[in-house]
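Since the structure comes first, as structure tokens, the remarks are kept for the end.
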Amino acid sequence: MGRQKYTFTVISYVPDYIRNEQINIGIIMFDSSNNIIDFSILPEHTNKLNSLLNYSEDSKRLFKETLKFTKFMLQKLSQPSLFNIEISKKLVTIEGLPENIMLSPLTYGATKNIGSVLDMLVDTYVGKEFYYRRNRAVANATEIVKSYFKENNFINNNLLPNPTFKPYATSPVSYKADYAYLNNQKNFSIINSMPSTDEGLERFYQKIAALSARFDGYGDMIFLYDSDDFATEKKQIISDISSTNSRVKSFDITNKSNEFESFKDFSNTTIRNSNRDAVNEYITKNMRYA
């Protein structure tokens with residue numbers, strides 16, 4: 001079998017023309033007669049949204065809606081009577097695409113296995129890793145700190161895992177934390193690891209902001225996080241909560257961070273003085289209202 005000729009264009013999203021930035025989001029392939037062979041476009045839940053860290057939530061929602069609409073249009077391109085596709089030399093124009101979508105000049109190629117080309121192009125120009133939802137609800141921070149606490153006997157002796165409590169008698173809901181301890185053997189304090197998904201962080205912020213407003217008279221609120229994903233959002237959440245709560249402390253506990261050593265020092269000088277049974281007794285007497 002001879003080599004089959006093809007052309008392709010890279011689909012890019014332009015979040016801000018003034019900044020002249022663009023994000024590659026897909027590929028369209030054509031045959032030698034300029035008919036569409038196949039296409040691929042990122043799903044709307046793509047973690048390539050992380051590239052839009054400096055943009056508002058409205059901008060991120062627009063990105064998702066643009067992906068969804070562009071995919072809808074490309075699926076309809078099998079009915080050419082519905083759309084006007086113009087190819088002039090290397091330039092491709094598809095009438096009706098959102099104004100923040102750009103199509104690159106055509107690139108030419110030939111192959112004996114046309115079925116494998118699209119995957120190769122996606123991997124090269126878009127990134128296969130951006131096609132999958134980051135379902136890792138448990139952050140690296142959770143795994144790292146659990147291992148550290150277990151290896152150093154904090155869980156057996158000093159920390160109460162997964163405590164449920166009410167910060168005051170009229171609280172309509174109970175709150176949960178990853179761990180609780182008594183600072184100075186009397187001040188009830190909690191430790192939470194921050195999730196590493198956009199949906200998880202949003203829920204985390206809502207719950208922790210509500211709890212922070214009701215944590216007067218208690219001890220520390222410790223946030224542990226990994227800076228591998230959503231680092232900016234995590235720091236923004238910590239900054240926001242810290243602005244109204246002076247008892248907030250945070251540590252980036254990924255292995256590459258110097259803060260992990262600071263966290264170990266904090267654990268050995270503060271958490272080590274707590275007693276697990278005393279924590280449980282404190283919650284039973286003071287934070288489990290009938």
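Identifiers for the structure tokens are assigned positionally: chains receive A, B, ... in sequence, residues are indexed from 1 per chain, and ligands are indexed from 1 in the order shown.
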
What's the 9 Å shell around region 183-197 of chain A, counting only C-alpha atoms, without same-chain residues fewer than 4 positions away, as a PyMOL selection string?
chain A and resi 47+134-142+145+163+177-179+201-202+204+217-226+228-231+234+270-271+273-275+278-279+282-283

Would you mind listing what lies within 9 Å of Val14 (chain A) as a PDB file with N, CA and C atoms, in the first residue's frame, with only C-alpha atoms counted and same-chain residues fewer than 6 positions away left out?
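Okay, part_2.pdb is ready:
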ATOM      1  N   ASN A  20      -1.702  38.037  23.731  1.00  0.00           N
ATOM      2  CA  ASN A  20      -1.206  37.236  22.609  1.00  0.00           C
ATOM      3  C   ASN A  20      -0.807  35.842  23.059  1.00  0.00           C
ATOM      4  N   GLU A  21      -1.631  35.249  23.928  1.00  0.00           N
ATOM      5  CA  GLU A  21      -1.400  33.891  24.404  1.00  0.00           C
ATOM      6  C   GLU A  21      -2.349  32.939  23.691  1.00  0.00           C
ATOM      7  N   GLN A  22      -1.934  31.713  23.511  1.00  0.00           N
ATOM      8  CA  GLN A  22      -2.826  30.714  22.963  1.00  0.00           C
ATOM      9  C   GLN A  22      -2.490  29.343  23.541  1.00  0.00           C
ATOM     10  N   ILE A  23      -3.527  28.500  23.620  1.00  0.00           N
ATOM     11  CA  ILE A  23      -3.407  27.167  24.203  1.00  0.00           C
ATOM     12  C   ILE A  23      -3.876  26.168  23.160  1.00  0.00           C
ATOM     13  N   ASN A  24      -3.034  25.222  22.797  1.00  0.00           N
ATOM     14  CA  ASN A  24      -3.415  24.201  21.827  1.00  0.00           C
ATOM     15  C   ASN A  24      -4.439  23.255  22.442  1.00  0.00           C
ATOM     16  N   GLU A  99     -14.945  33.105  18.187  1.00  0.00           N
ATOM     17  CA  GLU A  99     -13.925  34.076  17.795  1.00  0.00           C
ATOM     18  C   GLU A  99     -12.600  33.889  18.526  1.00  0.00           C
ATOM     19  N   ASN A 100     -12.623  33.182  19.655  1.00  0.00           N
ATOM     20  CA  ASN A 100     -11.368  32.947  20.372  1.00  0.00           C
ATOM     21  C   ASN A 100     -10.713  31.619  19.996  1.00  0.00           C
ATOM     22  N   ILE A 101     -11.142  31.041  18.867  1.00  0.00           N
ATOM     23  CA  ILE A 101     -10.518  29.837  18.327  1.00  0.00           C
ATOM     24  C   ILE A 101      -9.687  30.216  17.099  1.00  0.00           C
ATOM     25  N   MET A 102      -8.446  29.724  17.060  1.00  0.00           N
ATOM     26  CA  MET A 102      -7.564  29.943  15.921  1.00  0.00           C
ATOM     27  C   MET A 102      -7.179  28.598  15.313  1.00  0.00           C
TER      28      MET A 102
END

Using DSSP on the backbone coordinates, identify all residues within region 26-218 of chain A classified as strand (DSSP E or B); present the result as an MDAnalysis selection string.
chainID A and resid 26:31 36:41 85:88 91:94 101:103 107:111 160:161 164:165 175:176 179:183 187:193

Do you have the CA of Arg3 (chain A)-CA of Ala110 (chain A) distance handy?
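Distance reported for this atom pair: 5.7 Å.
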
With only C-alpha atoms as the atoms that count, which of A:Leu182, A:Ile241, A:Leu74, A:Leu62 lies nearest to Asp16 (chain A)?
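Under the stated criterion, the closest residue is A:Leu62.
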
Check the smallest atom-to-atom distance from each of A:Asp31, A:Glu95, A:Glu57, A:Asp277 to Leu160 (chain A) using only C-alpha atoms, then report the winner.
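Closest candidate: A:Asp277.
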
Calculate how many Å separate CA of Gln4 (chain A) from CA of Lys112 (chain A), rounding to one decimal.
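Between CA of Gln4 (chain A) and CA of Lys112 (chain A) the gap works out to 6.0 Å.
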
Which residues, written as number ranges by chain, have at least one atom at most 12 Å from region 68-73 of chain A, with only C-alpha atoms counted and residues fewer than 5 positions away on the same chain left out?
A: 11-13, 25-28, 39-46, 61-63, 78-80, 82-85, 94-103

In terms of the shortest atom-to-atom distance over only C-alpha atoms, which of A:Ser267, A:Ser227, A:Ser56, A:Thr284 is closest to Phe165 (chain A)?
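Among the listed residues, A:Thr284 lies closest to Phe165 (chain A).
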
A:Phe149, A:Ile87, A:Glu143, A:Lys60: which is nearest Ser104 (chain A), counting only C-alpha atoms?
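Using only C-alpha atoms, the shortest distance to Ser104 (chain A) belongs to A:Ile87.
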
Using DSSP assignments from the backbone, pull out every residue in region 201-252 of chain A that falls under helix (DSSP H, G or I) and give it to me as a VMD selection string.
chain A and resid 201 to 212 231 to 242

Those selected residues, please, written with N, CA, C and O atoms and delivered as a short mmCIF file (atom, residue, chain, number, x, y, z; two decimals), in the first residue's frame.
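File produced: selection17.cif:
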data_model
loop_
_atom_site.label_atom_id
_atom_site.label_comp_id
_atom_site.auth_asym_id
_atom_site.auth_seq_id
_atom_site.Cartn_x
_atom_site.Cartn_y
_atom_site.Cartn_z
N LEU A 201 -11.01 21.55 45.56
CA LEU A 201 -10.55 22.77 46.21
C LEU A 201 -11.69 23.74 46.46
O LEU A 201 -11.73 24.41 47.49
N GLU A 202 -12.63 23.79 45.52
CA GLU A 202 -13.77 24.69 45.70
C GLU A 202 -14.60 24.27 46.91
O GLU A 202 -14.98 25.09 47.74
N ARG A 203 -14.88 22.96 47.03
CA ARG A 203 -15.63 22.46 48.18
C ARG A 203 -14.84 22.65 49.47
O ARG A 203 -15.41 23.00 50.52
N PHE A 204 -13.54 22.40 49.40
CA PHE A 204 -12.69 22.55 50.58
C PHE A 204 -12.73 23.98 51.09
O PHE A 204 -12.87 24.22 52.30
N TYR A 205 -12.63 24.94 50.17
CA TYR A 205 -12.64 26.35 50.57
C TYR A 205 -13.96 26.72 51.24
O TYR A 205 -13.97 27.40 52.27
N GLN A 206 -15.06 26.29 50.67
CA GLN A 206 -16.37 26.63 51.24
C GLN A 206 -16.50 26.10 52.67
O GLN A 206 -16.96 26.81 53.57
N LYS A 207 -16.08 24.85 52.88
CA LYS A 207 -16.22 24.25 54.21
C LYS A 207 -15.25 24.86 55.21
O LYS A 207 -15.62 25.15 56.35
N ILE A 208 -14.00 25.07 54.78
CA ILE A 208 -13.00 25.54 55.73
C ILE A 208 -13.23 27.01 56.07
O ILE A 208 -12.93 27.45 57.19
N ALA A 209 -13.77 27.79 55.13
CA ALA A 209 -14.08 29.19 55.42
C ALA A 209 -15.19 29.28 56.46
O ALA A 209 -15.15 30.11 57.37
N ALA A 210 -16.18 28.41 56.32
CA ALA A 210 -17.28 28.40 57.30
C ALA A 210 -16.77 27.98 58.68
O ALA A 210 -17.14 28.56 59.71
N LEU A 211 -15.89 26.97 58.71
CA LEU A 211 -15.35 26.52 59.99
C LEU A 211 -14.45 27.57 60.62
O LEU A 211 -14.51 27.80 61.83
N SER A 212 -13.63 28.22 59.82
CA SER A 212 -12.69 29.22 60.34
C SER A 212 -13.42 30.34 61.06
O SER A 212 -12.96 30.85 62.09
N ALA A 231 -1.06 24.95 42.66
CA ALA A 231 -0.31 25.62 43.73
C ALA A 231 -0.83 27.03 43.97
O ALA A 231 -0.96 27.46 45.12
N THR A 232 -1.12 27.76 42.91
CA THR A 232 -1.59 29.14 43.06
C THR A 232 -2.92 29.19 43.78
O THR A 232 -3.13 30.00 44.69
N GLU A 233 -3.86 28.31 43.37
CA GLU A 233 -5.17 28.31 44.02
C GLU A 233 -5.06 27.96 45.50
O GLU A 233 -5.73 28.55 46.35
N LYS A 234 -4.22 26.99 45.82
CA LYS A 234 -4.05 26.59 47.22
C LYS A 234 -3.50 27.73 48.06
O LYS A 234 -3.98 28.00 49.17
N LYS A 235 -2.51 28.43 47.52
CA LYS A 235 -1.93 29.56 48.26
C LYS A 235 -2.93 30.69 48.41
O LYS A 235 -2.94 31.39 49.43
N GLN A 236 -3.78 30.88 47.40
CA GLN A 236 -4.81 31.92 47.50
C GLN A 236 -5.82 31.59 48.60
O GLN A 236 -6.26 32.47 49.35
N ILE A 237 -6.21 30.31 48.69
CA ILE A 237 -7.14 29.88 49.75
C ILE A 237 -6.51 30.10 51.11
O ILE A 237 -7.14 30.66 52.03
N ILE A 238 -5.26 29.69 51.27
CA ILE A 238 -4.57 29.86 52.55
C ILE A 238 -4.46 31.34 52.91
O ILE A 238 -4.70 31.73 54.06
N SER A 239 -4.12 32.18 51.93
CA SER A 239 -3.99 33.61 52.18
C SER A 239 -5.33 34.22 52.61
O SER A 239 -5.38 35.05 53.53
N ASP A 240 -6.39 33.78 51.95
CA ASP A 240 -7.71 34.33 52.27
C ASP A 240 -8.14 33.94 53.69
O ASP A 240 -8.62 34.79 54.46
N ILE A 241 -7.97 32.68 54.05
CA ILE A 241 -8.35 32.22 55.39
C ILE A 241 -7.45 32.87 56.44
O ILE A 241 -7.91 33.29 57.52
N SER A 242 -6.16 33.00 56.14
CA SER A 242 -5.22 33.60 57.09
C SER A 242 -5.52 35.06 57.37
O SER A 242 -5.19 35.57 58.44
#

May I ask for the distance between CA of Leu106 (chain A) and CA of Thr7 (chain A), given in Å to one decimal place?
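Taking CA of Leu106 (chain A) as the start and CA of Thr7 (chain A) as the end point, the length is 6.0 Å.
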